>>> print(open('data-v4.cif').read())   # mmCIF, C-alpha atoms
data_final
#
loop_
_atom_site.label_atom_id
_atom_site.label_comp_id
_atom_site.auth_asym_id
_atom_site.auth_seq_id
_atom_site.Cartn_x
_atom_site.Cartn_y
_atom_site.Cartn_z
CA ASP Z 700 -33.16 11.17 17.65
CA ARG Z 701 -32.37 10.36 21.28
CA ARG Z 702 -33.49 6.76 20.76
CA ASP Z 703 -30.59 6.32 18.29
CA VAL Z 704 -27.84 7.49 20.67
CA SER Z 705 -27.20 4.07 22.17
CA GLY Z 706 -27.01 2.48 18.73
CA VAL Z 707 -24.55 5.14 17.55
CA ARG Z 708 -22.35 4.51 20.62
CA HIS Z 709 -22.26 0.78 19.85
CA LEU Z 710 -21.56 1.43 16.16
CA LEU Z 711 -18.67 3.78 17.03
CA ALA Z 712 -17.22 1.30 19.51
CA GLU Z 713 -17.33 -1.45 16.87
CA MET Z 714 -15.65 0.81 14.28
CA LEU Z 715 -12.89 1.88 16.69
CA TYR Z 716 -12.08 -1.52 18.18
CA THR Z 717 -9.13 -2.95 16.26
CA ASP Z 718 -5.76 -4.54 16.95
CA GLU Z 719 -4.21 -3.05 13.81
CA PRO Z 720 -3.85 0.55 12.62
CA ALA Z 721 -6.55 1.61 10.20
CA PRO Z 722 -7.07 4.63 7.91
CA LEU Z 723 -7.84 7.88 9.76
CA ILE Z 724 -9.10 10.60 7.42
CA LEU Z 725 -8.83 14.11 8.81
CA PRO Z 726 -11.49 16.63 7.77
CA ASP Z 727 -8.97 19.20 6.48
CA ASP Z 728 -7.56 16.77 3.85
CA PRO Z 729 -10.04 14.08 2.77
CA THR Z 730 -7.77 12.95 -0.10
CA ARG Z 731 -5.16 11.41 2.23
CA TYR Z 732 -5.17 9.32 5.39
CA LEU Z 733 -2.92 8.36 8.29
CA LEU Z 734 -2.64 4.86 9.74
CA ALA Z 735 -3.83 5.16 13.33
CA ILE Z 736 -5.15 3.14 16.24
CA VAL Z 737 -7.21 4.24 19.23
CA SER Z 738 -4.93 5.01 22.16
CA GLY Z 739 -6.01 4.82 25.79
CA SER Z 740 -9.58 5.08 26.91
CA THR Z 741 -12.38 6.88 25.14
CA ASP Z 742 -15.36 8.75 26.46
CA LEU Z 743 -17.96 7.02 24.31
CA GLY Z 744 -20.18 6.78 27.37
CA GLU Z 745 -20.30 10.59 27.35
CA ILE Z 746 -22.33 10.59 24.14
CA THR Z 747 -25.91 11.16 25.19
CA ASP Z 748 -28.72 13.26 23.83
CA GLU Z 749 -27.69 15.96 26.35
CA CYS Z 750 -23.93 15.83 25.63
CA PRO Z 751 -23.39 14.86 21.98
CA HIS Z 752 -19.57 14.93 21.94
CA THR Z 753 -16.64 12.90 23.16
CA THR Z 754 -12.85 12.78 22.94
CA ILE Z 755 -11.01 9.97 21.17
CA THR Z 756 -7.22 9.85 21.16
CA PHE Z 757 -5.37 8.14 18.33
CA HIS Z 758 -1.81 6.86 18.15
CA VAL Z 759 -0.17 7.45 14.78
CA GLY Z 760 2.98 5.31 14.60
CA ASP Z 761 3.68 5.96 10.92
CA PRO Z 762 4.30 9.64 10.11
CA PHE Z 763 3.31 9.28 6.45
CA TYR Z 764 0.01 10.15 4.87
CA TYR Z 765 -1.26 7.77 2.21
CA GLY Z 766 -2.98 9.06 -0.89
CA ASN Z 767 -4.31 7.71 -4.15
CA LYS Z 768 -3.85 4.11 -5.15
CA ARG Z 769 -2.01 4.19 -8.46
CA ARG Z 770 -1.71 1.50 -11.12
CA VAL Z 771 0.09 1.23 -14.42
CA GLU Z 772 -0.04 -1.55 -16.99
CA ALA Z 773 3.33 -2.05 -18.68
CA GLN Z 774 4.70 -4.09 -21.57
CA ALA Z 775 8.21 -5.49 -21.99
CA GLY Z 776 10.87 -2.83 -22.44
CA LYS Z 777 11.69 0.52 -20.86
CA PHE Z 778 9.00 2.85 -19.52
CA GLY Z 779 8.59 5.70 -17.05
CA ILE Z 780 6.15 6.26 -14.21
CA ASN Z 781 5.48 9.01 -11.68
CA ALA Z 782 5.08 7.74 -8.12
CA GLY Z 783 3.14 10.80 -6.97
CA GLY Z 784 3.40 11.94 -3.37
CA ASN Z 785 6.65 13.26 -1.90
CA ARG Z 786 7.97 10.10 -0.21
CA PRO Z 787 9.16 6.78 -1.66
CA ALA Z 788 6.47 4.16 -2.34
CA ALA Z 789 6.62 0.36 -2.55
CA LEU Z 790 5.42 -1.42 -5.68
CA MET Z 791 3.23 -4.49 -5.89
CA ILE Z 792 3.77 -6.14 -9.27
CA THR Z 793 1.78 -8.88 -11.00
CA ALA Z 794 3.60 -10.03 -14.14
CA HIS Z 795 2.88 -12.43 -16.97
CA PRO Z 796 6.14 -13.39 -18.76
CA ASP Z 797 5.82 -13.94 -22.50
CA SER Z 798 8.41 -16.70 -22.89
CA ASN Z 799 10.37 -19.32 -21.00
CA GLY Z 800 13.51 -18.17 -19.21
CA ALA Z 801 14.55 -15.47 -16.78
CA TRP Z 802 12.25 -12.56 -15.89
CA PHE Z 803 13.13 -9.33 -14.05
CA ILE Z 804 12.06 -5.78 -13.32
CA LYS Z 805 14.76 -3.13 -13.05
CA ASN Z 806 14.96 0.47 -11.83
CA LEU Z 807 17.07 2.05 -14.57
CA ASP Z 808 17.75 5.15 -12.43
CA THR Z 809 19.43 3.18 -9.62
CA GLY Z 810 20.36 -0.13 -11.26
CA GLU Z 811 18.38 -2.10 -8.67
CA LYS Z 812 16.45 -5.09 -9.97
CA VAL Z 813 14.42 -8.03 -8.75
CA GLN Z 814 14.70 -11.36 -10.53
CA PRO Z 815 13.36 -14.74 -9.43
CA ASP Z 816 16.13 -17.35 -9.26
CA MET Z 817 14.19 -19.82 -11.37
CA THR Z 818 12.97 -20.27 -14.90
CA VAL Z 819 9.51 -18.91 -15.57
CA THR Z 820 7.22 -19.88 -18.42
CA GLN Z 821 4.64 -18.02 -20.42
CA ASP Z 822 2.03 -19.63 -18.17
CA SER Z 823 3.68 -18.32 -14.98
CA VAL Z 824 2.31 -15.54 -12.82
CA VAL Z 825 5.07 -13.65 -11.03
CA ARG Z 826 4.15 -11.46 -8.06
CA VAL Z 827 6.66 -9.09 -6.49
CA ASP Z 828 5.87 -7.33 -3.20
CA MET Z 829 8.58 -4.70 -2.76
CA ALA Z 830 7.37 -3.75 0.75
CA LEU Z 831 7.56 -7.32 2.08
CA GLU Z 832 10.56 -8.14 -0.13
CA ARG Z 833 8.85 -11.27 -1.40
CA VAL Z 834 8.48 -12.91 -4.81
CA THR Z 835 6.06 -15.68 -5.71
CA VAL Z 836 5.78 -17.65 -8.93
CA ASN Z 837 2.41 -19.34 -9.38
CA ASN Z 838 1.60 -18.58 -5.72
CA GLN Z 839 4.73 -20.37 -4.44
CA ILE Z 840 7.48 -18.43 -2.66
CA ALA Z 841 10.40 -18.02 -5.07
CA PRO Z 842 14.04 -17.28 -4.26
CA VAL Z 843 15.65 -14.28 -5.95
CA THR Z 844 19.06 -14.00 -7.60
CA LEU Z 845 22.01 -12.82 -5.50
CA ASP Z 846 22.14 -9.53 -7.38
CA SER Z 847 18.46 -8.79 -6.71
CA ASP Z 848 17.71 -5.71 -4.64
CA PHE Z 849 14.14 -4.76 -3.76
CA PHE Z 850 13.51 -1.06 -4.35
CA GLU Z 851 11.05 1.78 -3.82
CA ILE Z 852 9.98 4.33 -6.37
CA ASN Z 853 10.24 8.06 -5.74
CA GLY Z 854 9.11 10.82 -8.10
CA ARG Z 855 9.62 10.07 -11.78
CA VAL Z 856 11.45 6.79 -12.37
CA LYS Z 857 12.49 4.78 -15.40
CA LEU Z 858 11.86 1.05 -15.20
CA GLN Z 859 12.56 -1.92 -17.43
CA LEU Z 860 10.45 -5.05 -17.72
CA SER Z 861 12.38 -7.96 -19.24
CA GLY Z 862 9.42 -9.59 -20.96
CA GLY Z 863 5.69 -10.00 -21.08
CA SER Z 864 3.35 -7.62 -19.33
CA ALA Z 865 2.87 -6.44 -15.77
CA LEU Z 866 0.45 -4.54 -13.59
CA LEU Z 867 2.28 -2.21 -11.17
CA GLU Z 868 0.34 -0.92 -8.17
CA TRP Z 869 1.30 1.38 -5.31
CA ARG Z 870 -0.15 3.96 -2.95
CA GLU Z 871 1.10 7.54 -2.91
CA ARG Z 872 2.94 8.50 0.29
CA TRP Z 873 3.17 12.03 1.70
CA LEU Z 874 4.90 13.63 4.66
#
>>> encode(input="data-v4.cif", output="structure tokens")
Amino acid sequence: DRRDVSGVRHLLAEMLYTDEPAPLILPDDPTRYLLAIVSGSTDLGEITDECPHTTITFHVGDPFYYGNKRRVEAQAGKFGINAGGNRPAALMITAHPDSNGAWFIKNLDTGEKVQPDMTVTQDSVVRVDMALERVTVNNQIAPVTLDSDFFEINGRVKLQLSGGSALLEWRERWL
């Protein structure tokens, strides 16, 4: 309805106005998205009941497509996961150690591991953000041991959790 055109223009402008890249889903592949931001000026004023189209240009600074959000619950010991996608992905881990002492997660394929440089207890919550290379214990930034090395997962990987349980989350990445 022509009376709705102005409202649609305002709604589009509100959706497109952002300082940070946001998901851009292309119609030929609705299962994946790019991170994009509007670039330059738009022709939103061109949308009228007589000319119902416009051109919007996006800047895509990250060449990767992002797919399904994946999650795996793991128990202490060795286990395998499949990252999905065809590019490396960064893990976000929320762990609950089962005893007092040292806790770590290790990539058995590469030998890389992340271990807080502090004693954790069975009441601790350890969070590891591999993308930001940050560890927190009970919501406080925690140092890591000198031999710690943050890692990405790619394809099928074998991991080891030193104790307790953990929720591993990541988003598939595609090129």
>>> atom_distance(input="data-v4.cif", atom1="atom CA of Z:His758", atom2="atom CA of Z:Tyr732")
13.4 Å
>>> residues_around(input="data-v4.cif", residues="Z:Thr793", least_positions_apart="6", cutoff="12 Å", atoms="all atoms listed in the file", output="list in words")
Arg770, Val771, Glu772, Ala773, Gln774, Phe803, Ile804, Ser823, Val824, Val825, Arg826, Val827, Asp828, Met829, Val834, Thr835, Val836, Asn837, Asn838, Leu860, Gly863, Ser864, Ala865, Leu866, Leu867, Glu868 and Trp869 of chain Z
>>> closest_residue(input="data-v4.cif", among="Z:Asn799, Z:Thr756, Z:Gln839, Z:Asn781", to="Z:Leu723", atoms="all atoms listed in the file")
Z:Thr756
>>> residues_around(input="data-v4.cif", residues="Z:Arg872", least_positions_apart="4", cutoff="8 Å", atoms="all atoms listed in the file", output="list of chain:residue names")
Z:Phe763, Z:Tyr764, Z:Tyr765, Z:Gly766, Z:Gly783, Z:Gly784, Z:Asn785, Z:Arg786, Z:Pro787, Z:Ala788
>>> residues_around(input="data-v4.cif", residues="Z:Thr820", least_positions_apart="5", cutoff="9 Å", atoms="all atoms listed in the file", output="list in words")
His795, Pro796, Asp797, Ser798, Asn799, Gly800 and Ala801 of chain Z
>>> resolve_selection(input="data-v4.cif", expression="the PyMOL selection byres ((chain Z and resi 712-722) around 9)", output="ChimeraX atom specification")
/Z:707-711,723-724,732-737,743,758-760,765
>>> atom_distance(input="data-v4.cif", atom1="atom CA of Z:Gly854", atom2="atom CA of Z:Lys812")
17.6 Å
>>> atom_distance(input="data-v4.cif", atom1="atom CA of Z:Pro842", atom2="atom CA of Z:Ala830")
15.9 Å
